[in-house]
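A.B. asks: My structure file my_file_14.txt, compact mmCIF, C-alpha atoms, is below:
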# COMPACT_ATOMS: atom_id res chain seq x y z
CA MET Y 343 -94.26 -187.20 0.38
CA ASN Y 344 -92.46 -190.46 -0.15
CA PHE Y 345 -93.12 -193.89 -1.60
CA ASP Y 346 -91.45 -197.04 -0.37
CA ARG Y 347 -90.17 -199.48 -2.97
CA ASP Y 348 -91.96 -202.41 -1.36
CA PHE Y 349 -95.05 -201.81 -3.44
CA THR Y 350 -97.78 -204.17 -4.53
CA GLN Y 351 -97.99 -204.24 -8.30
CA ASN Y 352 -100.93 -205.73 -10.10
CA GLN Y 353 -100.68 -205.65 -13.88
CA LEU Y 354 -103.90 -205.90 -15.82
CA ILE Y 355 -104.46 -205.72 -19.54
CA ASN Y 356 -107.52 -203.58 -20.22
CA ASP Y 357 -109.70 -203.36 -23.33
CA GLN Y 358 -107.25 -201.10 -25.17
CA PRO Y 359 -104.42 -202.98 -26.92
CA GLN Y 360 -100.97 -202.97 -25.32
CA GLU Y 361 -102.11 -200.90 -22.34
CA ILE Y 362 -100.98 -202.01 -18.89
CA ILE Y 363 -102.42 -200.82 -15.58
CA SER Y 364 -100.10 -201.13 -12.57
CA GLU Y 365 -101.20 -200.39 -9.01
CA TYR Y 366 -98.75 -199.14 -6.37
CA ASN Y 367 -98.97 -198.71 -2.61
CA GLY Y 368 -97.24 -195.52 -1.58
CA GLU Y 369 -97.02 -192.91 1.16
CA VAL Y 370 -98.11 -189.27 1.25
CA TRP Y 371 -96.57 -186.66 3.54
CA TYR Y 372 -99.54 -185.11 5.38
CA ARG Y 373 -99.53 -183.08 8.59
CA MET Y 374 -96.12 -184.35 9.72
CA LEU Y 375 -97.02 -187.97 8.99
CA LEU Y 376 -96.41 -190.41 6.15
CA ILE Y 377 -99.86 -191.64 5.16
CA LYS Y 378 -100.42 -194.70 2.98
CA ASN Y 379 -102.03 -194.00 -0.38
CA LYS Y 380 -102.49 -195.75 -3.72
CA PHE Y 381 -101.94 -194.66 -7.29
CA LYS Y 382 -102.04 -196.29 -10.70
CA VAL Y 383 -99.74 -196.19 -13.69
CA ILE Y 384 -101.32 -196.66 -17.10
CA GLN Y 385 -98.70 -197.39 -19.74
CA ASN Y 386 -98.81 -198.01 -23.48
CA GLN Y 387 -96.18 -197.72 -26.20
CA ASN Y 388 -96.65 -193.94 -26.48
CA GLU Y 389 -97.09 -192.59 -22.96
CA ILE Y 390 -97.17 -193.21 -19.22
CA LYS Y 391 -100.00 -191.80 -17.14
CA TYR Y 392 -99.94 -191.52 -13.33
CA ILE Y 393 -103.37 -191.42 -11.68
CA THR Y 394 -104.49 -191.28 -8.04
CA ASP Y 395 -107.04 -193.70 -6.62
CA ASP Y 396 -109.78 -191.05 -7.02
CA GLY Y 397 -108.95 -190.53 -10.70
CA THR Y 398 -106.81 -187.37 -10.49
CA ILE Y 399 -104.13 -187.29 -13.20
CA LEU Y 400 -100.74 -186.49 -11.65
CA ARG Y 401 -98.54 -186.73 -14.71
CA ILE Y 402 -98.56 -187.73 -18.37
CA GLU Y 403 -95.15 -188.54 -19.82
CA GLU Y 404 -94.52 -189.17 -23.50
CA ILE Y 405 -92.32 -192.14 -24.38
CA LYS Y 406 -89.74 -191.01 -26.93
CA ASP Y 407 -87.08 -193.74 -27.07
CA GLN Y 408 -88.92 -197.05 -27.15
CA SER Y 409 -85.65 -199.01 -27.20
CA LYS Y 410 -85.02 -198.09 -23.54
CA SER Y 411 -86.70 -199.74 -20.58
CA ILE Y 412 -88.99 -197.41 -18.66
CA GLU Y 413 -88.24 -196.63 -15.01
CA ILE Y 414 -91.52 -195.93 -13.26
CA MET Y 415 -91.47 -193.21 -10.62
CA THR Y 416 -92.71 -194.44 -7.25
CA ASN Y 417 -92.50 -191.19 -5.30
CA PHE Y 418 -95.68 -189.07 -5.24
CA GLU Y 419 -93.96 -185.69 -4.96
CA GLN Y 420 -91.40 -186.73 -7.55
CA ILE Y 421 -94.15 -187.65 -10.01
CA GLN Y 422 -95.53 -184.13 -9.73
CA HIS Y 423 -92.38 -182.04 -9.59
CA LEU Y 424 -89.34 -183.77 -11.14
CA SER Y 425 -88.49 -183.00 -14.78
CA TRP Y 426 -85.63 -183.57 -17.20
CA TYR Y 427 -84.65 -181.14 -19.97
CA GLY Y 428 -82.51 -181.92 -23.01
CA ARG Y 429 -82.40 -182.85 -26.69
CA TYR Y 430 -83.29 -185.95 -28.66
CA GLY Y 431 -81.51 -187.36 -31.70
CA LYS Y 432 -82.98 -188.56 -34.98
CA LYS Y 433 -83.83 -191.94 -33.45
CA PHE Y 434 -85.39 -190.27 -30.39
CA GLN Y 435 -82.39 -191.15 -28.21
CA LYS Y 436 -81.24 -188.63 -25.60
CA ILE Y 437 -78.16 -186.68 -26.72
CA GLY Y 438 -75.99 -183.90 -25.34
CA LYS Y 439 -76.45 -182.17 -22.00
CA TRP Y 440 -79.50 -183.05 -19.91
CA LYS Y 441 -80.53 -181.06 -16.84
CA ILE Y 442 -82.85 -181.82 -13.92
CA ALA Y 443 -85.54 -179.46 -12.63
CA TRP Y 444 -87.38 -179.63 -9.33
CA LYS Y 445 -90.62 -177.68 -8.92
CA GLY Y 446 -89.77 -175.69 -12.03
CA GLU Y 447 -86.24 -174.72 -10.94
CA ILE Y 448 -83.09 -176.17 -12.52
CA LEU Y 449 -81.04 -178.06 -9.92
CA GLN Y 450 -77.48 -176.76 -9.74
CA ASP Y 451 -74.96 -178.98 -11.57
CA ALA Y 452 -77.46 -181.87 -11.71
CA GLY Y 453 -77.64 -184.05 -14.81
CA GLY Y 454 -74.94 -184.98 -17.31
CA GLU Y 455 -74.04 -185.76 -20.92
CA TYR Y 456 -75.40 -188.34 -23.36
CA CYS Y 457 -73.35 -189.47 -26.36
CA ASP Y 458 -74.88 -189.49 -29.84
CA ASP Y 459 -75.86 -193.15 -29.33
CA GLY Y 460 -77.92 -192.25 -26.25
CA LYS Y 461 -75.47 -193.60 -23.64
CA ARG Y 462 -74.41 -191.69 -20.54
CA GLN Y 463 -70.78 -190.60 -20.48
CA GLY Y 464 -68.52 -188.61 -18.18
CA GLN Y 465 -69.35 -186.85 -14.92
CA TRP Y 466 -72.94 -187.13 -13.68
CA LYS Y 467 -74.92 -185.83 -10.72
CA GLU Y 468 -78.16 -187.80 -10.34
CA VAL Y 469 -81.01 -187.59 -7.85
CA ILE Y 470 -81.57 -190.69 -5.73
CA LYS Y 471 -84.57 -192.85 -6.59
CA ASN Y 472 -86.73 -191.56 -3.72
CA TYR Y 473 -85.72 -187.88 -4.13
CA TRP Y 474 -88.27 -185.47 -2.66
CA SER Y 475 -88.36 -182.31 -0.53
CA LYS Y 476 -87.20 -184.15 2.60
CA ALA Y 477 -84.71 -186.39 0.80
CA GLN Y 478 -82.69 -184.05 -1.40
CA VAL Y 479 -79.79 -186.42 -1.95
CA TYR Y 480 -77.61 -186.84 -5.04
CA GLU Y 481 -75.35 -189.57 -6.39
CA VAL Y 482 -72.18 -188.25 -8.05
CA GLY Y 483 -69.64 -190.07 -10.22
CA LYS Y 484 -68.63 -191.02 -13.75
CA TYR Y 485 -70.22 -193.10 -16.50
CA GLU Y 486 -68.39 -194.96 -19.25
CA ASN Y 487 -70.49 -196.41 -22.04
CA ASP Y 488 -73.63 -196.05 -19.88
CA LYS Y 489 -72.06 -197.95 -16.94
CA ARG Y 490 -71.03 -196.49 -13.63
CA LYS Y 491 -67.26 -196.70 -13.12
CA GLY Y 492 -64.86 -195.83 -10.33
CA TYR Y 493 -65.71 -193.89 -7.17
CA TRP Y 494 -69.27 -192.70 -6.53
CA LYS Y 495 -70.48 -190.68 -3.55
CA TYR Y 496 -73.66 -189.16 -2.13
CA ILE Y 497 -74.26 -185.47 -1.49
CA TYR Y 498 -76.84 -184.57 1.15
CA GLY Y 499 -77.07 -180.83 1.73
CA ASN Y 500 -73.53 -179.69 2.54
CA THR Y 501 -72.47 -183.20 3.55
CA GLU Y 502 -70.64 -185.73 1.40
CA ILE Y 503 -71.25 -189.40 2.19
CA ASP Y 504 -68.85 -192.02 0.87
CA GLY Y 505 -70.45 -194.53 -1.46
CA GLY Y 506 -67.87 -196.86 -2.96
CA PHE Y 507 -66.32 -198.12 -6.18
CA TYR Y 508 -67.75 -199.68 -9.34
CA ASN Y 509 -65.48 -202.08 -11.25
CA GLU Y 510 -64.94 -202.27 -15.03
CA GLN Y 511 -68.18 -204.24 -15.44
CA GLY Y 512 -70.13 -201.53 -13.62
CA TYR Y 513 -70.59 -203.68 -10.50
CA LYS Y 514 -70.19 -202.54 -6.90
CA ASN Y 515 -66.99 -203.95 -5.39
CA GLY Y 516 -65.24 -203.66 -2.04
CA LYS Y 517 -66.25 -201.39 0.85
CA TRP Y 518 -69.56 -199.58 0.37
CA ILE Y 519 -72.02 -197.34 2.17
CA ASP Y 520 -75.58 -197.79 0.90
CA LEU Y 521 -78.44 -195.48 1.75
CA ASN Y 522 -81.64 -197.10 2.94
CA ASP Y 523 -84.32 -197.07 0.24
CA ASN Y 524 -86.41 -194.78 2.48
CA TYR Y 525 -83.52 -192.46 3.41
CA TRP Y 526 -84.82 -189.00 4.31
CA ASP Y 527 -84.34 -186.17 6.82
CA TRP Y 528 -85.95 -188.01 9.75
CA SER Y 529 -84.58 -191.44 8.91
CA GLN Y 530 -80.93 -191.16 7.86
CA VAL Y 531 -80.26 -194.90 7.86
CA THR Y 532 -77.18 -196.28 6.08
CA PHE Y 533 -75.76 -199.77 5.52
CA HIS Y 534 -71.99 -200.37 5.76
CA GLY Y 535 -70.28 -203.47 4.37
CA ASP Y 536 -68.63 -205.22 1.44
CA TYR Y 537 -69.65 -206.05 -2.12
CA GLN Y 538 -68.28 -208.68 -4.46
CA ASP Y 539 -69.42 -208.28 -8.07
CA ASN Y 540 -72.56 -206.39 -7.05
CA LYS Y 541 -73.49 -208.89 -4.28
CA ARG Y 542 -73.43 -208.05 -0.59
CA ILE Y 543 -71.16 -210.36 1.40
CA GLY Y 544 -70.20 -210.84 5.04
CA ASN Y 545 -71.44 -208.74 7.95
CA TRP Y 546 -73.07 -205.35 7.48
CA ASP Y 547 -73.61 -202.54 9.98
CA ILE Y 548 -76.80 -200.49 10.15
CA LYS Y 549 -76.24 -196.90 11.25
CA LEU Y 550 -78.58 -194.01 12.02
CA ARG Y 551 -76.96 -190.61 11.47
CA GLY Y 552 -73.58 -192.34 11.60
CA GLU Y 553 -74.19 -194.13 14.92
CA LEU Y 554 -74.19 -197.96 14.96
CA MET Y 555 -77.66 -199.42 15.46
CA GLN Y 556 -77.13 -203.09 14.64
CA GLU Y 557 -74.63 -205.51 13.10
CA ILE Y 558 -76.19 -208.14 10.87
CA SER Y 559 -75.00 -211.06 8.81
CA GLN Y 560 -75.84 -211.55 5.17
CA ASN Y 561 -77.84 -214.70 6.00
CA ASN Y 562 -80.56 -213.00 8.06
CA ILE Y 563 -80.53 -209.47 6.70
CA GLN Y 564 -83.71 -207.67 5.66
CA TRP Y 565 -82.88 -204.68 3.49
CA GLN Y 566 -86.15 -202.80 3.86
CA TRP Y 567 -85.70 -200.64 6.97
CA PHE Y 568 -88.32 -198.24 8.28
CA ILE Y 569 -88.16 -195.71 11.10
Just give me the structure of the file as C-alpha cells.

C.D. replies:
Amino acid sequence: MNFDRDFTQNQLINDQPQEIISEYNGEVWYRMLLIKNKFKVIQNQNEIKYITDDGTILRIEEIKDQSKSIEIMTNFEQIQHLSWYGRYGKKFQKIGKWKIAWKGEILQDAGGEYCDDGKRQGQWKEVIKNYWSKAQVYEVGKYENDKRKGYWKYIYGNTEIDGGFYNEQGYKNGKWIDLNDNYWDWSQVTFHGDYQDNKRIGNWDIKLRGELMQEISQNNIQWQWFI
C-alpha cells in the first residue's frame, strides 16, 4: 500500500468546535496493483482519527505536545502499522530515546534521542515519509538543536544511497541525491543535482535503479514522477 503526496485536501469545519475534516486521495496495494482509494482525517486539539471512505477507523492517535505541528500520515499501511515508543516530559514534550516499531516489531537501530526540551539531537535513523512494506528505506544522519546537519544518507535493504549535506542552517547544499516521493521496490527513481540553501538549481538527472532516464532543467522540471 502506498499514498502519493499529490493529494486533494478539503478542510471542513463540522458542528463540533475546533474539529477539522481533511480528505485525501491515496493508493492501496491490491493484487499486485496500486488502487486509488480515499480516506479522511478528523483532527481536534486532543486527537487525530484516520477513517476510510466506508467509515472504518484505521487509527486514533492522541495529541500530547500541542506546541508541535502535526505531520499527518498519508500512507495507508503506515497509518495501520507504524508506531513510535518513548517517554514524555512534564510539558508533554518527547524526551530521551524513542524507537520505531513496524507491525509490532521494533525496527533495528531506528529512532534517536530527544533532549529535555523536546528537540532531536545526535545520531538518528528515520523512516522515509512513504515507508511501507515495499519501501523500507531509512534516512540516517545527525541532528543539532532539532535541525539536520552534515552528511545524510539513505539505507535501502543492504544498500547505502548517498544523500548529501545540510549546512549550519539545516538547509540542503551542494550535490544531492533525492528519492522520488513514490520511491519503492518497483519504482526506484532518484533525482541527482545541486542545491543552494535548500533550493534546487541547474540541471538535474532522473535515474531508475541508477541508470539515466532523463536530464531536465530546473525551469521545466516536474517533481512528481510515477512509474

A.B. asks: Measure the distance from atom CA of Tyr480 of chain Y to atom CA of Ile497 of chain Y in Å and round it to one decimal.

C.D. replies: 5.1 Å

A.B. asks: Choose the residue, out of Y:Met374, Y:Ile414, Y:Val482, Y:Ile362, that has the smallest atom-to-atom separation from Gly464 of chain Y; count all atoms listed in the file.

C.D. replies: Y:Val482

A.B. asks: For Gln420 of chain Y, find every residue with an atom within 12 Å (counting only C-alpha atoms), except residues of its own chain fewer than 4 positions away, and show them as a list in words.

C.D. replies: Met343, Asn344, Phe345, Val370, Tyr392, Leu400, Arg401, Ile414, Met415, Thr416, Leu424, Ser425, Trp426, Ile442, Ala443, Trp444, Lys445, Val469, Ile470, Lys471, Asn472, Tyr473, Trp474, Ser475, Lys476, Ala477 and Gln478 of chain Y

A.B. asks: So, counting all atoms listed in the file, which residue among Y:Trp528, Y:Phe507, Y:Tyr485, Y:Tyr456 is closest to Leu375 of chain Y?

C.D. replies: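 Of Y:Trp528, Y:Phe507, Y:Tyr485, Y:Tyr456, the one nearest Leu375 of chain Y is Y:Trp528, counting all atoms listed in the file.
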
A.B. asks: Padding 4 Å on each side, edges along x, y and z: where is the centre of the box around the listed atoms of segment 374-391 of chain Y, and how long are its edges in Å to one decimal? Output it as JSON.

C.D. replies:
{"center_x": -99.3, "center_y": -191.2, "center_z": -8.4, "size_x": 14.4, "size_y": 21.7, "size_z": 44.2}

A.B. asks: What is the distance between atom CA of Tyr427 of chain Y and atom CA of Gly483 of chain Y, in Å to one decimal?

C.D. replies: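 It comes out at 20.0 Å.
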
A.B. asks: Atom CA of Asp459 of chain Y and atom CA of Gly446 of chain Y are how many Å apart?

C.D. replies: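 Going from atom CA of Asp459 of chain Y over to atom CA of Gly446 of chain Y covers 28.2 Å.
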
A.B. asks: Y:Trp546, Y:Lys382, Y:Glu455, Y:Lys467: which is nearest Thr532 of chain Y, counting all atoms listed in the file?

C.D. replies: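 Counting all atoms listed in the file, the residue closest to Thr532 of chain Y is Y:Trp546.
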
A.B. asks: Could you check the closest approach to Glu361 of chain Y for each of Y:Asn386, Y:Ser411, Y:Asn379, Y:Gln511 and tell me which residue wins, using all atoms listed in the file?

C.D. replies: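 For Glu361 of chain Y, the nearest of the candidates is Y:Asn386.
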
A.B. asks: Could you name the residues that touch Lys410 of chain Y at 12 Å or less, counting only C-alpha atoms, but leaving out those on the same chain fewer than 3 positions away, as a ChimeraX atom specification?

C.D. replies: /Y:387,405-407,413,433-436,459-461

A.B. asks: What's the 7 Å shell around Lys380 of chain Y, counting all atoms listed in the file, without same-chain residues fewer than 3 positions away, as a tab-separated table (two decimals) with C-alpha atoms, in the frame of the given file?

C.D. replies:
chain	number	residue	atom	x	y	z
Y	366	TYR	CA	-98.75	-199.14	-6.37
Y	367	ASN	CA	-98.97	-198.71	-2.61
Y	368	GLY	CA	-97.24	-195.52	-1.58
Y	394	THR	CA	-104.49	-191.28	-8.04
Y	395	ASP	CA	-107.04	-193.70	-6.62

A.B. asks: Between Y:Ala452, Y:Ile399, Y:Cys457, Y:Leu554, which is the closest to Phe418 of chain Y once you count all atoms listed in the file?

C.D. replies: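 Using all atoms listed in the file, the shortest distance to Phe418 of chain Y belongs to Y:Ile399.
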
A.B. asks: Rank Y:Gly454, Y:Gly516, Y:Gly506, Y:Gly535 by their smallest atom-to-atom distance to Asp488 of chain Y, using only C-alpha atoms, and report the top residue only.

C.D. replies: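 With only C-alpha atoms as the atom set, the closest residue is Y:Gly454.
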
A.B. asks: Could you pull out every residue with an atom within 9 Å of (-67.2, -194.7, -13.6), file coordinates, counting all atoms listed in the file, and send them as a list in words?

C.D. replies: Gln463, Gly464, Gln465, Gly483, Lys484, Tyr485, Glu486, Lys489, Arg490, Lys491, Gly492, Tyr493, Trp494, Phe507, Tyr508, Asn509, Glu510 and Gly512 of chain Y

A.B. asks: Starting from the block above, write segment 520-560 of chain Y out to a file with N, CA and C atoms, as a CSV table (one decimal), in the first residue's frame, please.

C.D. replies:
chain,number,residue,atom,x,y,z
Y,520,ASP,N,18.2,12.9,-4.4
Y,520,ASP,CA,16.8,12.8,-3.7
Y,520,ASP,C,16.1,11.6,-4.2
Y,521,LEU,N,15.4,10.9,-3.3
Y,521,LEU,CA,14.5,9.9,-3.7
Y,521,LEU,C,13.2,10.5,-4.2
Y,522,ASN,N,12.6,9.9,-5.2
Y,522,ASN,CA,11.3,10.3,-5.7
Y,522,ASN,C,10.3,10.1,-4.5
Y,523,ASP,N,9.3,10.9,-4.4
Y,523,ASP,CA,8.3,10.8,-3.3
Y,523,ASP,C,7.6,9.4,-3.3
Y,524,ASN,N,7.5,8.8,-4.5
Y,524,ASN,CA,6.9,7.5,-4.6
Y,524,ASN,C,7.9,6.4,-4.7
Y,525,TYR,N,9.1,6.6,-4.2
Y,525,TYR,CA,10.1,5.6,-4.3
Y,525,TYR,C,9.7,4.3,-3.6
Y,526,TRP,N,9.8,3.1,-4.4
Y,526,TRP,CA,9.5,1.8,-3.8
Y,526,TRP,C,10.1,0.8,-4.6
Y,527,ASP,N,10.0,-0.5,-4.3
Y,527,ASP,CA,10.7,-1.6,-4.9
Y,527,ASP,C,10.6,-1.6,-6.4
Y,528,TRP,N,9.4,-1.3,-6.9
Y,528,TRP,CA,9.2,-1.4,-8.4
Y,528,TRP,C,9.5,-0.1,-9.1
Y,529,SER,N,9.8,0.9,-8.3
Y,529,SER,CA,10.0,2.3,-8.9
Y,529,SER,C,11.1,3.0,-8.2
Y,530,GLN,N,12.3,2.6,-8.4
Y,530,GLN,CA,13.5,3.1,-7.7
Y,530,GLN,C,14.0,4.3,-8.4
Y,531,VAL,N,13.2,5.4,-8.4
Y,531,VAL,CA,13.6,6.6,-9.2
Y,531,VAL,C,14.3,7.6,-8.2
Y,532,THR,N,15.4,8.1,-8.7
Y,532,THR,CA,16.2,9.1,-7.9
Y,532,THR,C,16.4,10.3,-8.8
Y,533,PHE,N,16.6,11.5,-8.1
Y,533,PHE,CA,17.0,12.8,-8.8
Y,533,PHE,C,18.4,13.2,-8.3
Y,534,HIS,N,19.2,13.6,-9.3
Y,534,HIS,CA,20.6,13.9,-9.0
Y,534,HIS,C,20.9,15.3,-9.5
Y,535,GLY,N,21.4,16.2,-8.5
Y,535,GLY,CA,21.6,17.6,-8.9
Y,535,GLY,C,22.2,18.4,-7.7
Y,536,ASP,N,22.1,19.7,-7.8
Y,536,ASP,CA,22.6,20.6,-6.9
Y,536,ASP,C,21.6,21.4,-6.1
Y,537,TYR,N,21.9,21.7,-4.8
Y,537,TYR,CA,21.0,22.6,-4.0
Y,537,TYR,C,21.8,23.8,-3.6
Y,538,GLN,N,21.1,24.9,-3.5
Y,538,GLN,CA,21.7,26.1,-2.9
Y,538,GLN,C,20.7,26.6,-1.9
Y,539,ASP,N,21.1,26.5,-0.6
Y,539,ASP,CA,20.2,26.9,0.5
Y,539,ASP,C,18.8,26.3,0.4
Y,540,ASN,N,18.8,25.0,0.2
Y,540,ASN,CA,17.5,24.3,0.2
Y,540,ASN,C,16.7,24.4,-1.1
Y,541,LYS,N,17.3,25.1,-2.2
Y,541,LYS,CA,16.6,25.2,-3.4
Y,541,LYS,C,17.3,24.5,-4.5
Y,542,ARG,N,16.6,23.8,-5.3
Y,542,ARG,CA,17.2,23.0,-6.4
Y,542,ARG,C,17.7,24.0,-7.5
Y,543,ILE,N,18.9,23.9,-8.0
Y,543,ILE,CA,19.4,24.8,-9.1
Y,543,ILE,C,20.0,23.9,-10.2
Y,544,GLY,N,20.1,24.6,-11.4
Y,544,GLY,CA,20.7,23.9,-12.5
Y,544,GLY,C,20.0,22.7,-13.1
Y,545,ASN,N,20.8,21.9,-13.8
Y,545,ASN,CA,20.2,20.7,-14.4
Y,545,ASN,C,20.2,19.5,-13.4
Y,546,TRP,N,19.2,18.7,-13.5
Y,546,TRP,CA,19.0,17.5,-12.7
Y,546,TRP,C,18.8,16.3,-13.6
Y,547,ASP,N,19.4,15.2,-13.1
Y,547,ASP,CA,19.2,13.9,-13.8
Y,547,ASP,C,18.2,13.1,-13.1
Y,548,ILE,N,17.4,12.4,-13.9
Y,548,ILE,CA,16.4,11.4,-13.3
Y,548,ILE,C,17.0,10.0,-13.6
Y,549,LYS,N,17.1,9.2,-12.6
Y,549,LYS,CA,17.7,7.8,-12.8
Y,549,LYS,C,16.7,6.8,-12.3
Y,550,LEU,N,16.6,5.6,-12.9
Y,550,LEU,CA,15.9,4.5,-12.5
Y,550,LEU,C,16.9,3.4,-12.2
Y,551,ARG,N,16.9,2.9,-10.9
Y,551,ARG,CA,17.9,1.9,-10.5
Y,551,ARG,C,19.3,2.3,-10.9
Y,552,GLY,N,19.6,3.6,-10.8
Y,552,GLY,CA,21.0,4.1,-11.1
Y,552,GLY,C,21.3,4.4,-12.6
Y,553,GLU,N,20.3,4.0,-13.5
Y,553,GLU,CA,20.5,4.3,-14.9
Y,553,GLU,C,19.8,5.6,-15.3
Y,554,LEU,N,20.5,6.4,-16.1
Y,554,LEU,CA,20.0,7.7,-16.5
Y,554,LEU,C,18.7,7.5,-17.4
Y,555,MET,N,17.7,8.2,-17.0
Y,555,MET,CA,16.4,8.2,-17.8
Y,555,MET,C,16.3,9.5,-18.5
Y,556,GLN,N,16.6,10.6,-17.9
Y,556,GLN,CA,16.3,11.9,-18.5
Y,556,GLN,C,17.1,13.0,-17.8
Y,557,GLU,N,17.6,14.0,-18.5
Y,557,GLU,CA,18.2,15.1,-17.9
Y,557,GLU,C,17.2,16.3,-18.1
Y,558,ILE,N,17.0,17.0,-17.0
Y,558,ILE,CA,16.0,18.1,-17.1
Y,558,ILE,C,16.6,19.4,-16.4
Y,559,SER,N,16.1,20.5,-16.9
Y,559,SER,CA,16.5,21.8,-16.3
Y,559,SER,C,15.5,22.2,-15.3
Y,560,GLN,N,15.9,23.0,-14.4
Y,560,GLN,CA,15.1,23.5,-13.3
Y,560,GLN,C,13.9,24.2,-13.7
